[in-house]
Structure formats: structure tokens, C-alpha cells
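input-v4.pdb follows (PDB, C-alpha atoms):
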MODEL        1
ATOM      1  CA  MET A   1     -95.725   5.598  -6.240  1.00  0.00           C
ATOM      2  CA  ASP A   2     -96.018   3.013  -3.485  1.00  0.00           C
ATOM      3  CA  VAL A   3     -97.858   0.003  -4.881  1.00  0.00           C
ATOM      4  CA  LEU A   4     -99.078  -3.094  -3.044  1.00  0.00           C
ATOM      5  CA  ILE A   5     -99.537  -6.161  -5.235  1.00  0.00           C
ATOM      6  CA  ILE A   6    -101.538  -8.966  -3.658  1.00  0.00           C
ATOM      7  CA  GLY A   7    -100.861 -12.190  -5.513  1.00  0.00           C
ATOM      8  CA  ALA A   8     -97.409 -11.237  -6.798  1.00  0.00           C
ATOM      9  CA  THR A   9     -96.286 -14.843  -7.359  1.00  0.00           C
ATOM     10  CA  GLY A  10     -98.991 -15.540  -9.934  1.00  0.00           C
ATOM     11  CA  ARG A  11     -98.183 -15.423 -13.632  1.00  0.00           C
ATOM     12  CA  THR A  12     -99.895 -12.054 -14.027  1.00  0.00           C
ATOM     13  CA  GLY A  13     -98.870 -10.679 -10.643  1.00  0.00           C
ATOM     14  CA  ARG A  14     -95.197 -11.256 -11.423  1.00  0.00           C
ATOM     15  CA  LEU A  15     -95.481  -9.225 -14.611  1.00  0.00           C
ATOM     16  CA  ILE A  16     -97.268  -6.381 -12.850  1.00  0.00           C
ATOM     17  CA  MET A  17     -94.502  -6.345 -10.257  1.00  0.00           C
ATOM     18  CA  LYS A  18     -91.763  -6.411 -12.905  1.00  0.00           C
ATOM     19  CA  GLN A  19     -93.265  -3.608 -14.969  1.00  0.00           C
ATOM     20  CA  ALA A  20     -94.032  -1.483 -11.896  1.00  0.00           C
ATOM     21  CA  LEU A  21     -90.389  -1.749 -10.847  1.00  0.00           C
ATOM     22  CA  GLU A  22     -89.239  -0.834 -14.348  1.00  0.00           C
ATOM     23  CA  GLU A  23     -91.418   2.271 -14.148  1.00  0.00           C
ATOM     24  CA  GLY A  24     -89.709   3.296 -10.919  1.00  0.00           C
ATOM     25  CA  HIS A  25     -92.525   2.515  -8.490  1.00  0.00           C
ATOM     26  CA  HIS A  26     -91.914   1.252  -4.960  1.00  0.00           C
ATOM     27  CA  VAL A  27     -93.425  -2.215  -4.778  1.00  0.00           C
ATOM     28  CA  THR A  28     -94.651  -4.299  -1.864  1.00  0.00           C
ATOM     29  CA  ALA A  29     -95.331  -7.910  -2.843  1.00  0.00           C
ATOM     30  CA  PHE A  30     -97.849  -9.696  -0.638  1.00  0.00           C
ATOM     31  CA  VAL A  31     -97.517 -13.420  -1.275  1.00  0.00           C
ATOM     32  CA  ARG A  32     -98.588 -16.709   0.227  1.00  0.00           C
ATOM     33  CA  SER A  33     -95.274 -18.420  -0.627  1.00  0.00           C
ATOM     34  CA  ALA A  34     -92.243 -16.137  -0.800  1.00  0.00           C
ATOM     35  CA  GLU A  35     -90.067 -18.937  -2.183  1.00  0.00           C
ATOM     36  CA  LYS A  36     -92.032 -18.751  -5.448  1.00  0.00           C
ATOM     37  CA  LEU A  37     -90.810 -15.240  -6.183  1.00  0.00           C
ATOM     38  CA  ILE A  38     -88.146 -14.889  -8.869  1.00  0.00           C
ATOM     39  CA  ARG A  39     -84.956 -13.479  -7.323  1.00  0.00           C
ATOM     40  CA  PRO A  40     -83.224 -11.091  -7.084  1.00  0.00           C
ATOM     41  CA  LEU A  41     -85.901  -8.462  -6.547  1.00  0.00           C
ATOM     42  CA  THR A  42     -84.174  -5.163  -5.947  1.00  0.00           C
ATOM     43  CA  GLY A  43     -86.499  -2.570  -4.470  1.00  0.00           C
ATOM     44  CA  VAL A  44     -89.279  -4.969  -3.482  1.00  0.00           C
ATOM     45  CA  ARG A  45     -90.631  -5.280   0.038  1.00  0.00           C
ATOM     46  CA  ILE A  46     -91.846  -8.855   0.484  1.00  0.00           C
ATOM     47  CA  ILE A  47     -94.616  -9.715   2.947  1.00  0.00           C
ATOM     48  CA  GLN A  48     -95.700 -13.300   3.322  1.00  0.00           C
ATOM     49  CA  GLY A  49     -99.153 -14.249   4.517  1.00  0.00           C
ATOM     50  CA  ASP A  50    -102.653 -15.417   3.732  1.00  0.00           C
ATOM     51  CA  ALA A  51    -104.726 -12.723   2.029  1.00  0.00           C
ATOM     52  CA  THR A  52    -107.965 -14.392   3.135  1.00  0.00           C
ATOM     53  CA  ASP A  53    -107.018 -13.713   6.760  1.00  0.00           C
ATOM     54  CA  GLU A  54    -108.607 -10.412   7.755  1.00  0.00           C
ATOM     55  CA  MET A  55    -106.095  -9.469  10.453  1.00  0.00           C
ATOM     56  CA  THR A  56    -103.105 -10.161   8.213  1.00  0.00           C
ATOM     57  CA  ILE A  57    -104.364  -7.769   5.540  1.00  0.00           C
ATOM     58  CA  HIS A  58    -105.341  -5.245   8.209  1.00  0.00           C
ATOM     59  CA  ASN A  59    -101.806  -5.220   9.572  1.00  0.00           C
ATOM     60  CA  VAL A  60    -100.203  -4.791   6.153  1.00  0.00           C
ATOM     61  CA  ILE A  61    -102.388  -1.852   5.171  1.00  0.00           C
ATOM     62  CA  PHE A  62    -102.250  -0.159   8.577  1.00  0.00           C
ATOM     63  CA  GLN A  63     -98.460  -0.440   8.816  1.00  0.00           C
ATOM     64  CA  HIS A  64     -97.779   1.046   5.368  1.00  0.00           C
ATOM     65  CA  LYS A  65     -99.243   3.806   3.196  1.00  0.00           C
ATOM     66  CA  PHE A  66     -99.940   2.828  -0.395  1.00  0.00           C
ATOM     67  CA  ASP A  67    -100.960   4.950  -3.382  1.00  0.00           C
ATOM     68  CA  ALA A  68    -102.426   1.939  -5.169  1.00  0.00           C
ATOM     69  CA  VAL A  69    -103.360  -1.648  -4.316  1.00  0.00           C
ATOM     70  CA  VAL A  70    -103.612  -4.294  -7.037  1.00  0.00           C
ATOM     71  CA  ILE A  71    -105.506  -7.521  -6.293  1.00  0.00           C
ATOM     72  CA  ALA A  72    -104.216 -10.225  -8.626  1.00  0.00           C
ATOM     73  CA  VAL A  73    -105.093 -13.369  -6.691  1.00  0.00           C
ATOM     74  CA  GLY A  74    -106.326 -16.531  -8.343  1.00  0.00           C
ATOM     75  CA  VAL A  75    -106.863 -20.231  -7.790  1.00  0.00           C
ATOM     76  CA  HIS A  76    -105.650 -23.213  -9.824  1.00  0.00           C
ATOM     77  CA  THR A  77    -108.869 -25.181  -9.827  1.00  0.00           C
ATOM     78  CA  PHE A  78    -112.189 -25.223 -11.657  1.00  0.00           C
ATOM     79  CA  THR A  79    -114.111 -25.838  -8.450  1.00  0.00           C
ATOM     80  CA  CYS A  80    -116.000 -23.099  -6.666  1.00  0.00           C
ATOM     81  CA  SER A  81    -113.774 -20.796  -4.618  1.00  0.00           C
ATOM     82  CA  LYS A  82    -114.229 -17.629  -2.589  1.00  0.00           C
ATOM     83  CA  VAL A  83    -110.548 -16.682  -2.407  1.00  0.00           C
ATOM     84  CA  ARG A  84    -110.960 -13.576  -4.560  1.00  0.00           C
ATOM     85  CA  THR A  85    -114.089 -12.430  -2.758  1.00  0.00           C
ATOM     86  CA  GLN A  86    -112.639 -12.903   0.725  1.00  0.00           C
ATOM     87  CA  THR A  87    -109.339 -11.253  -0.182  1.00  0.00           C
ATOM     88  CA  THR A  88    -111.123  -8.291  -1.738  1.00  0.00           C
ATOM     89  CA  LYS A  89    -113.411  -7.917   1.272  1.00  0.00           C
ATOM     90  CA  ASN A  90    -110.423  -7.825   3.615  1.00  0.00           C
ATOM     91  CA  VAL A  91    -108.624  -5.212   1.517  1.00  0.00           C
ATOM     92  CA  ILE A  92    -111.703  -2.994   1.225  1.00  0.00           C
ATOM     93  CA  VAL A  93    -112.392  -3.027   4.962  1.00  0.00           C
ATOM     94  CA  ALA A  94    -108.786  -2.177   5.780  1.00  0.00           C
ATOM     95  CA  LEU A  95    -108.469   0.585   3.183  1.00  0.00           C
ATOM     96  CA  GLU A  96    -111.787   2.186   4.089  1.00  0.00           C
ATOM     97  CA  ASN A  97    -110.597   2.480   7.685  1.00  0.00           C
ATOM     98  CA  ARG A  98    -106.959   3.367   7.008  1.00  0.00           C
ATOM     99  CA  SER A  99    -106.633   5.053   3.628  1.00  0.00           C
ATOM    100  CA  PRO A 100    -109.894   5.539   1.702  1.00  0.00           C
ATOM    101  CA  SER A 101    -108.141   7.585  -1.002  1.00  0.00           C
ATOM    102  CA  THR A 102    -105.919   4.671  -2.068  1.00  0.00           C
ATOM    103  CA  ARG A 103    -106.688   3.547  -5.627  1.00  0.00           C
ATOM    104  CA  LEU A 104    -107.872  -0.070  -5.818  1.00  0.00           C
ATOM    105  CA  TRP A 105    -107.256  -2.162  -8.930  1.00  0.00           C
ATOM    106  CA  VAL A 106    -108.964  -5.538  -9.135  1.00  0.00           C
ATOM    107  CA  ILE A 107    -108.328  -8.155 -11.802  1.00  0.00           C
ATOM    108  CA  SER A 108    -111.641  -9.844 -12.516  1.00  0.00           C
ATOM    109  CA  SER A 109    -112.673 -11.584 -15.737  1.00  0.00           C
ATOM    110  CA  ALA A 110    -114.648 -10.957 -18.889  1.00  0.00           C
ATOM    111  CA  GLY A 111    -117.975 -12.690 -18.355  1.00  0.00           C
ATOM    112  CA  SER A 112    -118.447 -11.425 -14.817  1.00  0.00           C
ATOM    113  CA  ASN A 113    -121.790  -9.835 -13.980  1.00  0.00           C
ATOM    114  CA  GLU A 114    -123.318  -7.941 -16.927  1.00  0.00           C
ATOM    115  CA  SER A 115    -120.276  -8.457 -19.185  1.00  0.00           C
ATOM    116  CA  ILE A 116    -121.432 -12.030 -19.902  1.00  0.00           C
ATOM    117  CA  GLY A 117    -123.693 -10.492 -22.524  1.00  0.00           C
ATOM    118  CA  GLN A 118    -120.705  -9.070 -24.402  1.00  0.00           C
ATOM    119  CA  LEU A 119    -119.225 -12.502 -25.063  1.00  0.00           C
ATOM    120  CA  GLY A 120    -119.836 -14.707 -28.052  1.00  0.00           C
ATOM    121  CA  PHE A 121    -121.881 -17.903 -27.861  1.00  0.00           C
ATOM    122  CA  PHE A 122    -118.952 -20.300 -27.402  1.00  0.00           C
ATOM    123  CA  SER A 123    -117.324 -18.160 -24.693  1.00  0.00           C
ATOM    124  CA  ARG A 124    -120.615 -17.912 -22.800  1.00  0.00           C
ATOM    125  CA  THR A 125    -121.106 -21.669 -23.060  1.00  0.00           C
ATOM    126  CA  PHE A 126    -117.586 -22.350 -21.782  1.00  0.00           C
ATOM    127  CA  ILE A 127    -118.063 -20.026 -18.820  1.00  0.00           C
ATOM    128  CA  ASN A 128    -121.493 -21.361 -17.905  1.00  0.00           C
ATOM    129  CA  ASN A 129    -120.318 -24.970 -18.015  1.00  0.00           C
ATOM    130  CA  ILE A 130    -116.636 -24.944 -17.042  1.00  0.00           C
ATOM    131  CA  LEU A 131    -115.797 -21.660 -15.336  1.00  0.00           C
ATOM    132  CA  LYS A 132    -119.041 -21.105 -13.453  1.00  0.00           C
ATOM    133  CA  GLY A 133    -117.359 -21.181 -10.026  1.00  0.00           C
ATOM    134  CA  HIS A 134    -114.584 -18.818 -11.092  1.00  0.00           C
ATOM    135  CA  ILE A 135    -116.996 -16.302 -12.556  1.00  0.00           C
ATOM    136  CA  ALA A 136    -119.270 -16.410  -9.508  1.00  0.00           C
ATOM    137  CA  ASP A 137    -116.272 -15.546  -7.321  1.00  0.00           C
ATOM    138  CA  HIS A 138    -115.279 -12.707  -9.653  1.00  0.00           C
ATOM    139  CA  SER A 139    -118.841 -11.361  -9.756  1.00  0.00           C
ATOM    140  CA  ASP A 140    -119.080 -11.315  -5.961  1.00  0.00           C
ATOM    141  CA  GLN A 141    -115.660  -9.680  -5.815  1.00  0.00           C
ATOM    142  CA  GLU A 142    -116.764  -6.958  -8.203  1.00  0.00           C
ATOM    143  CA  ASN A 143    -119.960  -6.276  -6.284  1.00  0.00           C
ATOM    144  CA  LEU A 144    -117.994  -5.633  -3.100  1.00  0.00           C
ATOM    145  CA  VAL A 145    -115.745  -3.179  -4.906  1.00  0.00           C
ATOM    146  CA  LYS A 146    -118.644  -1.273  -6.459  1.00  0.00           C
ATOM    147  CA  LYS A 147    -120.326  -0.887  -3.076  1.00  0.00           C
ATOM    148  CA  SER A 148    -117.176   0.446  -1.412  1.00  0.00           C
ATOM    149  CA  ILE A 149    -116.217   4.100  -0.954  1.00  0.00           C
ATOM    150  CA  LEU A 150    -112.823   3.522  -2.573  1.00  0.00           C
ATOM    151  CA  PRO A 151    -111.602   4.914  -5.892  1.00  0.00           C
ATOM    152  CA  TYR A 152    -111.407   1.773  -7.997  1.00  0.00           C
ATOM    153  CA  THR A 153    -110.947   0.223 -11.400  1.00  0.00           C
ATOM    154  CA  ILE A 154    -112.117  -3.302 -12.198  1.00  0.00           C
ATOM    155  CA  VAL A 155    -110.227  -4.933 -15.058  1.00  0.00           C
ATOM    156  CA  ARG A 156    -111.915  -7.789 -16.903  1.00  0.00           C
ATOM    157  CA  PRO A 157    -109.376  -9.532 -19.148  1.00  0.00           C
ATOM    158  CA  THR A 158    -110.430 -12.080 -21.714  1.00  0.00           C
ATOM    159  CA  GLY A 159    -108.628 -15.444 -21.657  1.00  0.00           C
ATOM    160  CA  LEU A 160    -105.088 -14.982 -20.361  1.00  0.00           C
ATOM    161  CA  ARG A 161    -102.142 -16.511 -22.155  1.00  0.00           C
ATOM    162  CA  GLY A 162     -98.375 -16.100 -22.487  1.00  0.00           C
ATOM    163  CA  THR A 163     -95.649 -15.523 -19.945  1.00  0.00           C
ATOM    164  CA  GLY A 164     -94.605 -11.944 -20.522  1.00  0.00           C
ATOM    165  CA  ALA A 165     -94.075 -10.863 -24.123  1.00  0.00           C
ATOM    166  CA  LEU A 166     -95.828  -7.568 -24.775  1.00  0.00           C
ATOM    167  CA  TYR A 167     -96.408  -8.021 -28.509  1.00  0.00           C
ATOM    168  CA  GLU A 168     -96.111  -4.241 -29.009  1.00  0.00           C
ATOM    169  CA  HIS A 169     -98.980  -3.540 -26.617  1.00  0.00           C
ATOM    170  CA  ASN A 170    -101.421  -5.180 -28.993  1.00  0.00           C
ATOM    171  CA  TYR A 171    -104.533  -4.772 -26.865  1.00  0.00           C
ATOM    172  CA  MET A 172    -107.656  -2.669 -26.633  1.00  0.00           C
ATOM    173  CA  VAL A 173    -110.092  -1.496 -23.962  1.00  0.00           C
ATOM    174  CA  VAL A 174    -113.757  -2.425 -24.333  1.00  0.00           C
ATOM    175  CA  THR A 175    -116.558  -0.866 -22.316  1.00  0.00           C
ATOM    176  CA  ASP A 176    -120.063  -1.939 -23.325  1.00  0.00           C
ATOM    177  CA  GLN A 177    -119.658  -3.214 -26.883  1.00  0.00           C
ATOM    178  CA  ARG A 178    -119.223  -6.768 -28.130  1.00  0.00           C
ATOM    179  CA  ILE A 179    -115.824  -8.286 -27.301  1.00  0.00           C
ATOM    180  CA  PRO A 180    -113.981  -8.893 -30.593  1.00  0.00           C
ATOM    181  CA  THR A 181    -111.360 -11.403 -29.396  1.00  0.00           C
ATOM    182  CA  SER A 182    -111.193 -14.090 -26.733  1.00  0.00           C
ATOM    183  CA  HIS A 183    -107.707 -13.676 -25.299  1.00  0.00           C
ATOM    184  CA  ILE A 184    -105.026 -11.256 -24.115  1.00  0.00           C
ATOM    185  CA  GLU A 185    -101.338 -11.659 -23.319  1.00  0.00           C
ATOM    186  CA  ARG A 186    -100.543 -11.424 -19.620  1.00  0.00           C
ATOM    187  CA  GLY A 187     -97.837  -8.894 -20.413  1.00  0.00           C
ATOM    188  CA  ASP A 188    -100.401  -6.644 -22.081  1.00  0.00           C
ATOM    189  CA  LEU A 189    -102.737  -6.906 -19.096  1.00  0.00           C
ATOM    190  CA  ALA A 190     -99.871  -5.945 -16.794  1.00  0.00           C
ATOM    191  CA  HIS A 191     -98.967  -3.035 -19.059  1.00  0.00           C
ATOM    192  CA  PHE A 192    -102.521  -1.692 -19.018  1.00  0.00           C
ATOM    193  CA  ILE A 193    -102.661  -1.707 -15.224  1.00  0.00           C
ATOM    194  CA  VAL A 194     -99.187  -0.285 -14.564  1.00  0.00           C
ATOM    195  CA  SER A 195     -99.503   2.448 -17.181  1.00  0.00           C
ATOM    196  CA  ASN A 196    -102.863   3.573 -15.785  1.00  0.00           C
ATOM    197  CA  LEU A 197    -102.361   3.233 -12.034  1.00  0.00           C
ATOM    198  CA  LEU A 198    -103.613   6.752 -11.320  1.00  0.00           C
ATOM    199  CA  ASN A 199    -105.389   7.475 -14.603  1.00  0.00           C
ATOM    200  CA  ASP A 200    -108.791   8.983 -13.825  1.00  0.00           C
ATOM    201  CA  ALA A 201    -110.143   7.892 -17.218  1.00  0.00           C
ATOM    202  CA  TYR A 202    -110.910   4.469 -15.750  1.00  0.00           C
ATOM    203  CA  LEU A 203    -111.892   5.615 -12.276  1.00  0.00           C
ATOM    204  CA  GLY A 204    -115.031   3.947 -10.953  1.00  0.00           C
ATOM    205  CA  LYS A 205    -115.331   1.728 -14.027  1.00  0.00           C
ATOM    206  CA  ALA A 206    -115.218  -1.926 -14.982  1.00  0.00           C
ATOM    207  CA  VAL A 207    -113.454  -2.321 -18.314  1.00  0.00           C
ATOM    208  CA  ILE A 208    -112.602  -5.287 -20.507  1.00  0.00           C
ATOM    209  CA  VAL A 209    -109.113  -5.600 -21.956  1.00  0.00           C
ATOM    210  CA  THR A 210    -108.532  -7.929 -24.882  1.00  0.00           C
ATOM    211  CA  SER A 211    -106.182  -8.406 -27.816  1.00  0.00           C
ATOM    212  CA  LYS A 212    -106.874  -6.369 -30.919  1.00  0.00           C
ATOM    213  CA  PRO A 213    -108.397  -8.399 -33.750  1.00  0.00           C
ATOM    214  CA  LEU A 214    -106.094  -9.268 -36.618  1.00  0.00           C
ATOM    215  CA  PRO A 215    -106.418  -7.084 -39.734  1.00  0.00           C
ATOM    216  CA  ASN A 216    -109.210  -8.222 -42.039  1.00  0.00           C
ATOM    217  CA  SER A 217    -110.490 -10.686 -39.418  1.00  0.00           C
TER     218      SER A 217
ENDMDL
END
Could the structure of this file be written out as C-alpha cells, please?
Amino acid sequence: MDVLIIGATGRTGRLIMKQALEEGHHVTAFVRSAEKLIRPLTGVRIIQGDATDEMTIHNVIFQHKFDAVVIAVGVHTFTCSKVRTQTTKNVIVALENRSPSTRLWVISSAGSNESIGQLGFFSRTFINNILKGHIADHSDQENLVKKSILPYTIVRPTGLRGTGALYEHNYMVVTDQRIPTSHIERGDLAHFIVSNLLNDAYLGKAVIVTSKPLPNS
């Protein structure tokens, strides 16, 4: 498969790229700062640019044909940001005009939109007081995806931690029930996405991924 990863220098994006390469996929890494990529990267096409710039994303998607696009962008601040929303808007517009059958994967967050009700009291309090700007951006991002004509999957991880260990794929997928744990390893999140890139089971859905609870917890 030909896979475009937007945000490939982030801690999660790097793991998605690594695992996609290990699975034999052809990877294009769209990054803001190419110098942040870990080298060497055999088999990776690197494109540097600003994903919030509409014409830049347009050119990338119109010059190449992708089977799947993964949006893994983020911001390192607690202040309000529209980076995810603007990036997602640009990708949707380009794909709808160039390749509307391309599968879109978007990394959002548990607590976005209606999933806030699946969180426990302390997680809801933390989001409403500390991560309000982040979640608003994710919610707007999700709404754009749901209104598009694209085949999509929205992934809502719980709190991300770790730098790559898979911990024997110790994670679970949650749809509409209460979320049993508050975190997931980044390596597990990457594994879920890469192993399901064209899996129709999650087509047109927003799913939560989180670590499995410990036995007897």
C-alpha cells in the first residue's frame, strides 16, 4: 500500500511510519521539519511543508496516489489551536477532488464530541479544565471528517505514553461503553492503525483505543 503520514516527526507519527515500513508499505512522510526525522529511512519519500497551507497539501495529494492517509499532527501547547482542524480540512478538500476512495485515518482523542460521556469524573475534569483547547480542535476536526464523502476511521486514544514498546499489543477497542483505562502506549496506537489500514470493520466509525485493564482491577 502507498501510505501518506502527515505529522511523521511526532512521537506517534514516527511509530506509525516505522511499523508501516516493517509491514512492507510504501510510505510518504509529510513533515514540517525534515531534520527531526530519524535516519536512515530506507523506502520513505520525505516531503517537507506546512500542512495548514492548503496549496501545499493540494500539491502533495494531486502529485501522488495514496491508498491511505494518516493525520497524526499535534501541538505542544495547552493553548487553543486549530492546527488539526485546518490540516484535516486541507486533506479532505484535496482528497475529495483527487481521490475520494482513499481511506482517511485521523488521530483524535478520547473526550472529543460525544465520547466525553464515556470518561470517568477525573478525566472529564482534566479535559474541561486543562485540555479544553485541544479537545475543541479535535472535535472540530472530527466533524469535518464525518461530513466528508471519504471512507474514514477516527481513532480516539486515551492518554498517550511511552516511546515505542508494544507491550504485547495490550490494548482494546471501545465503541460506546465506559472507558476502563486512561492511557495507551503509543506503540499500541500505531499498531492498531497500521494493522487495520484497510479493515472495513472500522469504516465510517470513531473508535476509542485504550490499554486493557489489569487482571482483577
Task: Test item: the PyMOL selection byres ((chain A and resi 209-216) around 10) resolved as a ChimeraX atom specification - done: /A:109-110,155-160,167,169-175,179-185,188-189,192,206-208,217
Open item on the list: What would the selection look like, as a ChimeraX atom specification, if the PyMOL selection byres ((chain A and resi 119) around 10) were run on the coordinates I just shared?
Closed with: /A:110-111,115-118,120-125,127,158,177-182
Open item on the list: With the PyMOL selection byres ((chain A and resi 59-64) around 8) as the selection, what would be picked from this file? Answer as an NGL selection string, please.
Closed with: :A and (55-58 or 65-66 or 91 or 94-95 or 98)
- [ ] Counting only C-alpha atoms, note down every residue that has an atom within 7 Å of the point (-101.9, -10.0, -7.0) (file coordinates), as a list in words.
- [x] Ile5, Ile6, Gly7, Ala8, Gly10, Gly13, Val70, Ile71, Ala72 and Val73 of chain A
- [ ] List every protein, DNA or RNA residue that has an atom no more than 7 Å from (-96.0, -2.8, 0.5) in the file's coordinate frame, counting all atoms listed in the file, and report them as a PyMOL selection string.
- [x] chain A and resi 3-4+27-29+45+64+66
Task: Point-to-point distance from CA of Asn143 in chain A to CA of Thr85 in chain A, Å rounded to tenths - done: 9.2 Å
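Here the question is which of A:Lys89, A:Glu114, A:His191, A:Arg84 gets nearest to Asp176 in chain A using all atoms listed in the file, and that residue is A:Glu114.
What separates CA of Gly162 in chain A from CA of Ser195 in chain A is a distance of 19.3 Å.
One distance worth recording is that between CA of Tyr152 in chain A and CA of Arg103 in chain A, which is 5.6 Å.
Using only C-alpha atoms, the nearest neighbour of Val83 in chain A within the list A:Ser148, A:Asp53, A:Phe30, A:Pro100 is A:Asp53.
Minimum atom-to-atom distances from A:Gly187, A:Pro151, A:Gly74, A:Gly204 to Lys18 in chain A were compared using all atoms listed in the file, and the lowest value belongs to A:Gly187.
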- [ ] Can you work out which one of A:His26, A:Arg32, A:Arg14, A:Lys146 has the shortest atom-to-atom distance to Lys205 in chain A, counting all atoms listed in the file?
- [x] A:Lys146
Open item on the list: At a cut-off of 9 Å, using only C-alpha atoms, what residues contact Val194 in chain A? Leave out same-chain residues fewer than 2 positions from it and give the result as a list in words.
Closed with: Ile16, Met17, Gln19, Ala20, Glu23, Leu189, Ala190, His191, Phe192, Asn196, Leu197 and Leu198 of chain A
